[in-house]
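> Sharing coords-v7.txt (compact mmCIF, C-alpha atoms) below.
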```txt
# COMPACT_ATOMS: atom_id res chain seq x y z
CA MET A 629 -6.02 -58.62 36.02
CA ASP A 630 -2.83 -57.13 37.47
CA THR A 631 0.20 -57.37 35.29
CA ILE A 632 3.88 -56.78 35.90
CA THR A 633 5.16 -53.77 33.99
CA ILE A 634 8.65 -54.47 32.74
CA ALA A 635 10.85 -51.54 31.73
CA THR A 636 13.81 -52.02 29.43
CA GLY A 637 17.15 -50.36 29.15
CA GLY A 638 17.51 -46.89 30.64
CA ASP A 639 13.74 -46.48 30.99
CA ARG A 640 13.54 -48.74 34.05
CA PRO A 641 12.12 -46.91 37.07
CA PRO A 642 14.09 -46.92 40.31
CA LEU A 643 13.33 -49.57 42.87
CA GLY A 644 10.54 -48.63 45.26
CA PRO A 645 9.70 -49.68 48.81
CA LEU A 646 7.29 -52.38 47.60
CA ASP A 647 10.01 -53.90 45.41
CA TRP A 648 12.40 -54.15 48.37
CA LEU A 649 9.62 -55.50 50.63
CA ARG A 650 8.69 -58.20 48.12
CA TRP A 651 12.32 -59.27 47.85
CA GLY A 652 12.93 -59.00 51.57
CA LEU A 653 10.02 -61.29 52.39
CA VAL A 654 11.90 -64.00 50.49
CA ALA A 655 15.57 -63.20 51.12
CA PHE A 656 15.43 -62.48 54.88
CA PRO A 657 13.64 -65.70 55.96
CA MET A 658 15.99 -67.78 53.81
CA LEU A 659 19.10 -66.09 55.18
CA VAL A 660 17.87 -66.55 58.75
CA SER A 661 17.28 -70.28 58.13
CA ILE A 662 20.86 -70.95 57.01
CA PRO A 663 22.41 -71.59 60.49
CA GLY A 664 19.92 -74.33 61.35
CA ALA A 665 19.88 -75.94 57.93
CA SER A 666 21.47 -79.27 57.20
CA GLY A 667 23.97 -79.61 54.39
CA TRP A 668 21.55 -80.84 51.71
CA LEU A 669 19.19 -77.87 52.30
CA TRP A 670 21.82 -75.27 51.46
CA PRO A 671 21.47 -75.75 47.68
CA LEU A 672 17.69 -75.17 48.02
CA ILE A 673 18.31 -71.99 49.99
CA GLY A 674 20.86 -70.84 47.41
CA VAL A 675 18.44 -71.48 44.53
CA THR A 676 15.72 -69.54 46.39
CA LEU A 677 18.00 -66.55 46.96
CA VAL A 678 19.14 -66.52 43.34
CA CYS A 679 15.57 -66.73 42.03
CA SER A 680 14.46 -63.96 44.39
CA VAL A 681 16.66 -61.50 42.49
CA ALA A 682 14.25 -61.75 39.53
CA MET A 683 11.44 -60.62 41.85
CA LEU A 684 13.46 -57.59 42.90
CA ARG A 685 14.13 -56.52 39.31
CA PRO A 686 11.83 -58.35 36.84
CA PRO A 687 13.76 -59.24 33.69
CA ALA A 688 12.62 -57.77 30.40
CA ARG A 689 13.14 -60.97 28.44
CA PRO A 690 12.29 -63.76 28.34
CA THR A 691 8.82 -63.28 29.76
CA TRP A 692 8.67 -66.78 31.20
CA LEU A 693 11.71 -66.24 33.45
CA LEU A 694 9.97 -64.40 36.31
CA PRO A 695 7.03 -66.81 36.78
CA THR A 696 9.46 -69.74 36.54
CA ALA A 697 11.65 -68.15 39.20
CA MET A 698 8.64 -67.65 41.50
CA VAL A 699 7.55 -71.27 41.06
CA ALA A 700 11.09 -72.34 41.96
CA VAL A 701 11.00 -70.13 45.08
CA ILE A 702 7.69 -71.70 46.18
CA VAL A 703 9.01 -75.25 45.68
CA CYS A 704 12.38 -74.66 47.36
CA ALA A 705 11.06 -72.53 50.25
CA GLY A 706 8.22 -75.01 50.80
CA THR A 707 10.66 -77.91 50.96
CA VAL A 708 12.88 -76.12 53.48
CA TRP A 709 9.79 -75.26 55.53
CA VAL A 710 8.68 -78.92 55.64
CA VAL A 711 12.13 -79.95 56.89
CA GLN A 712 12.49 -76.98 59.28
CA PRO A 713 8.96 -76.18 60.44
CA ASN A 714 10.15 -73.65 63.03
CA SER A 715 11.91 -71.45 60.46
CA LEU A 716 10.49 -68.39 58.71
CA THR A 717 10.75 -69.97 55.27
CA SER A 718 6.96 -70.29 55.19
CA VAL A 719 6.88 -66.48 54.84
CA ALA A 720 8.92 -66.74 51.66
CA MET A 721 6.65 -69.46 50.27
CA PHE A 722 3.35 -67.74 51.09
CA SER A 723 4.44 -64.22 50.02
CA THR A 724 5.67 -65.55 46.68
CA THR A 725 2.48 -67.56 46.27
CA PHE A 726 0.38 -64.44 46.78
CA TYR A 727 2.55 -62.41 44.41
CA LEU A 728 2.21 -65.08 41.72
CA MET A 729 -1.57 -65.28 42.21
CA ARG A 730 -1.95 -61.51 42.03
CA ALA A 731 0.31 -60.85 39.09
CA TYR A 732 -0.65 -63.66 36.69
CA GLY A 733 -3.68 -65.44 35.33
CA LYS A 734 -5.67 -68.47 36.30
CA GLY A 735 -3.16 -71.05 35.10
CA LEU A 736 -0.29 -69.91 37.32
CA THR A 737 -2.73 -69.20 40.16
CA ILE A 738 -3.77 -72.86 40.12
CA VAL A 739 -0.11 -73.93 40.02
CA ALA A 740 0.79 -71.69 43.00
CA THR A 741 -2.24 -72.89 44.98
CA CYS A 742 -1.45 -76.55 44.32
CA LEU A 743 2.22 -76.17 45.28
CA SER A 744 1.50 -74.35 48.54
CA THR A 745 -1.26 -76.82 49.39
CA CYS A 746 1.07 -79.76 48.75
CA ALA A 747 3.67 -78.19 51.07
CA ILE A 748 1.06 -77.74 53.80
CA VAL A 749 -0.16 -81.34 53.45
CA ALA A 750 3.41 -82.65 53.51
CA MET A 751 4.08 -80.51 56.58
CA ALA A 752 1.01 -81.91 58.33
CA LEU A 753 1.86 -85.53 57.47
CA VAL A 754 5.56 -85.37 58.30
CA HIS A 755 5.11 -83.61 61.65
CA ARG A 756 1.75 -85.18 62.50
CA LEU A 757 -0.12 -81.93 63.00
CA ASP A 758 -3.58 -82.03 64.50
CA TRP A 759 -6.45 -81.37 62.14
CA LEU A 760 -7.20 -77.90 63.54
CA SER A 761 -3.65 -76.68 62.93
CA ALA A 762 -3.62 -78.24 59.46
CA VAL A 763 -6.95 -76.63 58.53
CA SER A 764 -5.82 -73.23 59.84
CA ILE A 765 -2.70 -73.40 57.71
CA LEU A 766 -4.69 -74.58 54.68
CA ALA A 767 -6.89 -71.52 55.10
CA LEU A 768 -3.94 -69.31 54.15
CA PRO A 769 -3.85 -70.33 50.44
CA VAL A 770 -7.63 -70.00 50.29
CA LEU A 771 -7.46 -66.51 51.80
CA MET A 772 -4.67 -65.49 49.43
CA LEU A 773 -6.65 -66.88 46.52
CA LEU A 774 -9.67 -64.78 47.49
CA LEU A 775 -7.55 -61.66 47.94
CA ALA A 776 -5.84 -62.18 44.59
CA ALA A 777 -9.18 -62.76 42.86
CA ASN A 778 -10.55 -59.60 44.45
CA ARG A 779 -7.49 -57.66 43.29
CA ARG A 780 -7.80 -58.96 39.74
CA GLY A 781 -11.53 -58.23 39.74
CA ARG A 782 -10.92 -54.68 40.87
CA SER A 783 -8.31 -54.21 38.18
CA ALA A 784 -10.72 -55.61 35.58
CA ARG A 785 -13.43 -53.22 36.78
CA LEU A 786 -11.01 -50.31 36.55
CA GLU A 787 -10.10 -51.31 33.01
CA GLN A 788 -13.79 -51.59 32.09
CA THR A 789 -14.45 -48.17 33.60
CA GLU A 790 -11.59 -46.65 31.64
CA LEU A 791 -12.86 -48.34 28.49
CA ALA A 792 -16.39 -47.04 29.13
CA LEU A 793 -15.03 -43.53 29.68
CA ALA A 794 -13.03 -43.75 26.45
CA ARG A 795 -16.12 -44.94 24.57
CA ALA A 796 -18.20 -42.15 26.10
CA GLN A 797 -15.58 -39.61 25.07
CA THR A 798 -15.53 -41.03 21.56
CA ALA A 799 -19.32 -40.88 21.39
CA ALA A 800 -19.26 -37.28 22.61
CA GLU A 801 -16.68 -36.39 19.96
CA GLU A 802 -18.75 -38.10 17.27
CA HIS A 803 -21.85 -36.26 18.47
CA ALA A 804 -20.00 -32.95 18.36
CA ARG A 805 -18.70 -33.75 14.89
CA ALA A 806 -22.21 -34.67 13.72
CA ALA A 807 -23.55 -31.42 15.15
CA ALA A 808 -20.79 -29.47 13.40
CA LEU A 809 -21.53 -31.23 10.10
CA ALA A 810 -25.23 -30.49 10.52
CA GLU A 811 -24.47 -26.84 11.11
CA ARG A 812 -22.19 -26.74 8.09
CA ALA A 813 -24.93 -28.36 6.01
CA ARG A 814 -27.37 -25.68 7.21
CA ILE A 815 -24.92 -22.94 6.26
CA ALA A 816 -24.39 -24.62 2.90
CA ARG A 817 -28.14 -24.62 2.27
CA GLU A 818 -28.35 -20.94 3.17
CA VAL A 819 -25.44 -20.10 0.86
CA HIS A 820 -26.97 -22.12 -1.94
CA ASP A 821 -30.49 -20.75 -1.52
CA VAL A 822 -29.49 -17.11 -1.09
CA LEU A 823 -26.16 -16.44 -2.74
CA ALA A 824 -26.17 -19.01 -5.54
CA HIS A 825 -29.73 -18.25 -6.61
CA SER A 826 -29.08 -14.52 -6.45
CA LEU A 827 -25.96 -14.83 -8.59
CA ALA A 828 -27.78 -17.02 -11.09
CA GLY A 829 -30.58 -14.46 -11.39
CA LEU A 830 -28.06 -11.65 -11.67
CA ALA A 831 -26.19 -13.45 -14.44
CA LEU A 832 -29.41 -14.06 -16.38
CA ASN A 833 -30.47 -10.40 -16.00
CA LEU A 834 -27.06 -9.24 -17.18
CA GLN A 835 -27.34 -11.56 -20.16
CA GLY A 836 -30.68 -9.97 -21.01
CA ALA A 837 -29.25 -6.49 -20.52
CA ARG A 838 -26.33 -7.28 -22.83
CA LEU A 839 -28.68 -8.51 -25.56
CA MET A 840 -30.85 -5.42 -25.20
CA LEU A 841 -27.82 -3.13 -25.46
CA VAL A 842 -26.64 -4.93 -28.58
CA ARG A 843 -30.14 -4.68 -30.07
CA ASP A 844 -30.39 -0.94 -29.32
CA GLY A 845 -26.96 -0.22 -30.73
CA ALA A 846 -25.34 0.84 -27.45
CA SER A 847 -21.69 1.82 -27.33
CA PRO A 848 -19.12 -0.98 -27.29
CA ASP A 849 -17.84 0.23 -23.91
CA ALA A 850 -21.27 -0.20 -22.32
CA VAL A 851 -21.65 -3.69 -23.80
CA ALA A 852 -18.15 -4.60 -22.60
CA GLN A 853 -18.94 -3.43 -19.06
CA VAL A 854 -22.08 -5.57 -18.95
CA GLU A 855 -20.16 -8.55 -20.34
CA ARG A 856 -17.53 -8.18 -17.63
CA ALA A 857 -20.23 -7.97 -14.98
CA GLN A 858 -21.85 -11.10 -16.43
CA LYS A 859 -18.50 -12.89 -16.35
CA LEU A 860 -17.99 -11.92 -12.70
CA ALA A 861 -21.48 -13.17 -11.84
CA SER A 862 -20.83 -16.49 -13.61
CA ASP A 863 -17.50 -16.93 -11.85
CA GLY A 864 -19.10 -16.06 -8.52
CA LEU A 865 -21.82 -18.65 -9.14
CA ALA A 866 -19.20 -21.33 -9.79
CA GLU A 867 -17.26 -20.38 -6.64
CA ALA A 868 -20.46 -20.40 -4.59
CA ARG A 869 -21.22 -23.93 -5.73
CA LYS A 870 -17.68 -25.01 -4.82
CA ALA A 871 -18.08 -23.43 -1.39
CA VAL A 872 -21.35 -25.27 -0.85
CA ALA A 873 -19.71 -28.58 -1.81
CA ALA A 874 -16.77 -27.88 0.54
CA LEU A 875 -19.13 -27.07 3.41
CA ARG A 876 -21.05 -30.29 2.86
CA GLU A 877 -17.78 -32.28 2.67
CA ASP A 878 -19.10 -34.44 -0.12
CA ALA A 879 -18.30 -34.75 -3.79
CA VAL A 880 -20.55 -32.99 -6.27
CA PRO A 881 -22.61 -35.57 -8.20
CA VAL A 882 -21.63 -35.89 -11.84
CA GLU A 883 -25.07 -34.93 -13.12
CA ARG A 884 -25.04 -31.74 -11.05
CA ALA A 885 -21.50 -30.83 -12.13
CA VAL A 886 -22.51 -31.30 -15.79
CA ALA A 887 -25.64 -29.22 -15.21
CA ASP A 888 -23.49 -26.42 -13.78
CA LEU A 889 -21.23 -26.52 -16.84
CA LEU A 890 -24.24 -26.28 -19.13
CA ALA A 891 -25.64 -23.40 -17.09
CA GLY A 892 -22.36 -21.56 -17.54
CA TYR A 893 -22.46 -22.26 -21.27
CA ARG A 894 -25.99 -20.87 -21.51
CA LEU A 895 -24.99 -17.72 -19.64
CA ASP A 896 -21.90 -17.20 -21.79
CA THR A 897 -23.45 -17.80 -25.21
CA GLY A 898 -27.20 -17.40 -24.80
CA ALA A 899 -27.67 -20.70 -26.62
CA ARG A 900 -29.70 -23.66 -25.48
CA ALA A 901 -27.90 -26.36 -23.48
CA ASP A 902 -29.96 -29.26 -22.12
CA LEU A 903 -29.08 -32.28 -20.02
CA VAL A 904 -30.98 -35.57 -20.12
CA VAL A 905 -30.25 -38.17 -17.43
CA GLU A 906 -31.27 -41.74 -18.16
CA GLY A 907 -31.31 -44.50 -15.59
CA GLU A 908 -30.82 -44.14 -11.85
CA PRO A 909 -27.96 -41.76 -10.94
CA ARG A 910 -25.53 -43.12 -8.37
CA GLU A 911 -22.26 -42.20 -6.74
CA LEU A 912 -19.35 -42.86 -9.07
CA ASP A 913 -15.67 -43.44 -8.51
CA ALA A 914 -13.69 -40.20 -8.38
CA ALA A 915 -11.70 -41.07 -11.50
CA VAL A 916 -14.86 -41.89 -13.49
CA GLY A 917 -16.62 -38.74 -12.37
CA THR A 918 -13.63 -36.55 -13.21
CA THR A 919 -13.34 -38.11 -16.67
CA LEU A 920 -17.00 -37.44 -17.47
CA VAL A 921 -16.90 -33.85 -16.25
CA ARG A 922 -13.64 -33.12 -18.11
CA ALA A 923 -15.15 -34.58 -21.27
CA VAL A 924 -18.10 -32.18 -21.07
CA GLN A 925 -15.75 -29.27 -20.38
CA GLU A 926 -13.63 -30.09 -23.40
CA ALA A 927 -16.68 -30.56 -25.64
CA LEU A 928 -18.15 -27.20 -24.60
CA SER A 929 -14.79 -25.52 -25.06
CA ASN A 930 -14.56 -26.86 -28.61
CA THR A 931 -18.13 -25.75 -29.32
CA ARG A 932 -17.35 -22.21 -28.13
CA LYS A 933 -14.27 -22.19 -30.35
CA HIS A 934 -15.61 -23.72 -33.57
CA ALA A 935 -19.41 -23.26 -33.41
CA GLN A 936 -20.28 -20.16 -31.45
CA GLN A 937 -23.82 -20.00 -30.01
CA ALA A 938 -24.62 -23.55 -31.13
CA ASP A 939 -27.20 -25.43 -29.11
CA VAL A 940 -25.88 -28.38 -27.07
CA ASP A 941 -27.58 -31.62 -26.02
CA VAL A 942 -25.96 -33.77 -23.35
CA THR A 943 -27.17 -37.26 -22.42
CA LEU A 944 -25.91 -39.07 -19.32
CA ALA A 945 -27.06 -42.69 -19.22
CA PHE A 946 -26.53 -44.89 -16.15
CA SER A 947 -26.69 -48.66 -16.49
CA SER A 948 -25.77 -51.47 -14.12
CA GLU A 949 -22.19 -51.82 -15.35
CA GLN A 950 -21.31 -48.62 -17.20
CA VAL A 951 -22.04 -44.96 -17.78
CA GLU A 952 -22.49 -43.44 -21.24
CA LEU A 953 -22.01 -39.76 -22.04
CA THR A 954 -23.07 -38.12 -25.28
CA VAL A 955 -22.37 -34.47 -26.08
CA ALA A 956 -23.74 -33.15 -29.37
CA ASP A 957 -23.76 -29.55 -30.57
CA ARG A 958 -26.39 -28.43 -33.09
CA GLN A 959 -24.65 -26.31 -35.71
CA GLY A 960 -27.35 -26.80 -38.30
CA ARG A 961 -24.91 -28.28 -40.80
CA ARG A 962 -22.41 -31.08 -41.04
CA PRO A 963 -19.06 -29.78 -39.84
CA PRO A 964 -15.91 -30.62 -41.76
CA ASP A 965 -13.74 -33.48 -40.56
CA ALA A 966 -10.99 -32.36 -38.24
CA PRO A 967 -7.53 -32.77 -39.82
CA ALA A 968 -6.15 -34.20 -36.55
CA ALA A 969 -7.33 -34.61 -33.00
CA GLY A 970 -6.37 -31.69 -30.79
CA TYR A 971 -4.66 -31.97 -27.48
CA GLY A 972 -7.98 -31.71 -25.67
CA LEU A 973 -9.56 -34.66 -27.47
CA ARG A 974 -6.32 -36.59 -27.22
CA GLY A 975 -6.16 -36.08 -23.46
CA MET A 976 -9.82 -37.06 -23.19
CA GLY A 977 -9.11 -40.29 -25.06
CA GLU A 978 -6.16 -41.07 -22.79
CA ARG A 979 -8.27 -40.63 -19.65
CA VAL A 980 -10.99 -42.87 -21.08
CA ALA A 981 -8.41 -45.49 -22.08
CA LEU A 982 -7.04 -45.58 -18.52
CA LEU A 983 -10.52 -46.53 -17.35
CA GLU A 984 -10.79 -49.21 -20.08
CA GLY A 985 -13.58 -47.26 -21.73
CA LYS A 986 -14.39 -46.25 -25.30
CA LEU A 987 -14.44 -42.80 -26.92
CA VAL A 988 -15.92 -41.94 -30.31
CA SER A 989 -15.88 -38.37 -31.61
CA GLY A 990 -16.55 -36.91 -35.02
CA PRO A 991 -18.95 -34.92 -37.19
CA GLY A 992 -22.64 -35.77 -37.29
CA GLU A 993 -25.50 -34.68 -39.55
CA ASP A 994 -25.93 -31.27 -37.90
CA GLY A 995 -22.88 -30.85 -35.66
CA TRP A 996 -20.05 -32.44 -33.72
CA ARG A 997 -20.75 -35.44 -31.53
CA ILE A 998 -18.75 -37.01 -28.70
CA HIS A 999 -19.76 -40.35 -27.20
CA LEU A 1000 -17.86 -42.14 -24.46
CA THR A 1001 -18.55 -45.23 -22.40
CA VAL A 1002 -16.75 -46.03 -19.13
CA PRO A 1003 -17.24 -48.97 -16.75
CA ALA A 1004 -18.75 -47.89 -13.45
```
Spell out the structure here as structure tokens.

Amino acid sequence: MDTITIATGGDRPPLGPLDWLRWGLVAFPMLVSIPGASGWLWPLIGVTLVCSVAMLRPPARPTWLLPTAMVAVIVCAGTVWVVQPNSLTSVAMFSTTFYLMRAYGKGLTIVATCLSTCAIVAMALVHRLDWLSAVSILALPVLMLLLAANRRGRSARLEQTELALARAQTAAEEHARAAALAERARIAREVHDVLAHSLAGLALNLQGARLMLVRDGASPDAVAQVERAQKLASDGLAEARKAVAALREDAVPVERAVADLLAGYRLDTGARADLVVEGEPRELDAAVGTTLVRAVQEALSNTRKHAQQADVDVTLAFSSEQVELTVADRQGRRPPDAPAAGYGLRGMGERVALLEGKLVSGPGEDGWRIHLTVPA
């Protein structure tokens, strides 16, 4: 449907030829009819001329002013035409009727059609027109109605075409994005299969080489060089996993992040570190996942500090409403009670408390045990 674009303030475009033509088709016939008009028709002509100004420059607000002005032009010009059938005021009535039909919806189109039809019928009755002349005049509103409907239909088709083009462009962009993500996933798989596996094997071989050097009594410098190489391989493995996650544009699952931490612990210490997953793993909230991973990091850090080369067992249990994490190191003896919780355990407890979870940590029969439960 055609609409009237209304500009406000200094953004209004200059008047074009069509604007002047639309106004002239109303103003000129009314001005020409003034000399032959009787006294009581002058107010109608004046109202028509005043209302025609709104058609020349559509007002920004209120929105109802322009259609009301056009309805007034149709009524006044139609009345003058009925009284003065030989004047050109019918041009003003019919041009405004067509403009109203073209620019607005069905409601105002019906109003404009009814008003112009009433004027034609009144004209035929007052001046006793023959039926052929009356029918020929009545054909004008019908023709204008068809032209206006065709114009609105064409505008609707243009809008639908533009919408279809926009949707097609969006689909093409989504397809390109999906293809890019698929390519990034392929690259991520290649990086993981080649680089990550190679670095993991290299780190394990360096671990074995370090143990063999220590067993054979090699120089401290040689052992230190191998340890540095092992550290570089471990760091490279961690960075490779981060790169794979970034390429895939998805968060690393908690169970995989914990498994990576345990792999790093095994490479650093040579001790056993096992993960047991109970229940069906699922995607967790970012805050929950971060809390669980940080808890494992802190537990492994404390084990490295207070119980070097102790075996570690980690259990990650998924239930319908919560996730439980248990980290236990196997020192082979009951550790002494800690005099006070360190900053690491304190921070872990604060994170768990923010999630309305529970944290229990303390010495067990053969090592230190941390158990936390968080809703998820």
> Could you pull out every residue with an atom within 9 Å of (-17.9, -32.1, -28.1), file coordinates, counting all atoms listed in the file, and send them as a ChimeraX atom specification?
/A:923-931,940,954-957,973,989-990,996-999
> Measure the distance from CA of Leu775 in chain A to CA of Glu787 in chain A in Å and round it to one decimal.
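These atoms are spaced 18.3 Å apart.
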> Can you tell me which residues surround range 742-750 of chain A at a distance of at most 12 Å, considering all atoms listed in the file, apart from same-chain residues fewer than 6 positions away, and format the answer as a ChimeraX atom specification?
/A:698-711,713,717-726,728-729,735-736,756-759,761-770,772-773
> Which is closer to Leu694 in chain A than all the others in A:Trp668, A:Trp648, A:Tyr727, A:Phe946, using all atoms listed in the file?
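Between A:Trp668, A:Trp648, A:Tyr727, A:Phe946, the residue approaching Leu694 in chain A most closely is A:Tyr727.
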> Hey, can you check how far CA of Lys933 in chain A sits from CA of Leu860 in chain A?
20.8 Å
> Which is closest to Leu889 in chain A among A:Val942, A:Ala831, A:Ala850, A:Leu760, if we use only C-alpha atoms?
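Looking only at the distances to Leu889 in chain A, the closest residue turns out to be A:Val942.
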> Select, from A:Met751, A:Ala981, A:Pro964, A:Leu646, the residue with the minimum atom-to-atom distance to Glu993 in chain A, counting all atoms listed in the file.
A:Pro964
> Measure the distance from CA of Leu895 in chain A to CA of Arg843 in chain A in Å and round it to one decimal.
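Atom-to-atom, CA of Leu895 in chain A to CA of Arg843 in chain A, that is 17.5 Å.
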> For a quick check of understanding, using all atoms listed in the file, which of A:Ala796, A:Ala868, A:Val916, A:Leu982 has the smallest distance to Leu953 in chain A?
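Smallest separation from Leu953 in chain A among the options: A:Val916.
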> Between A:Ala807, A:Gln959, A:Val980, A:Met683, which one has atoms that come closest to Gly992 in chain A, using only C-alpha atoms?
A:Gln959
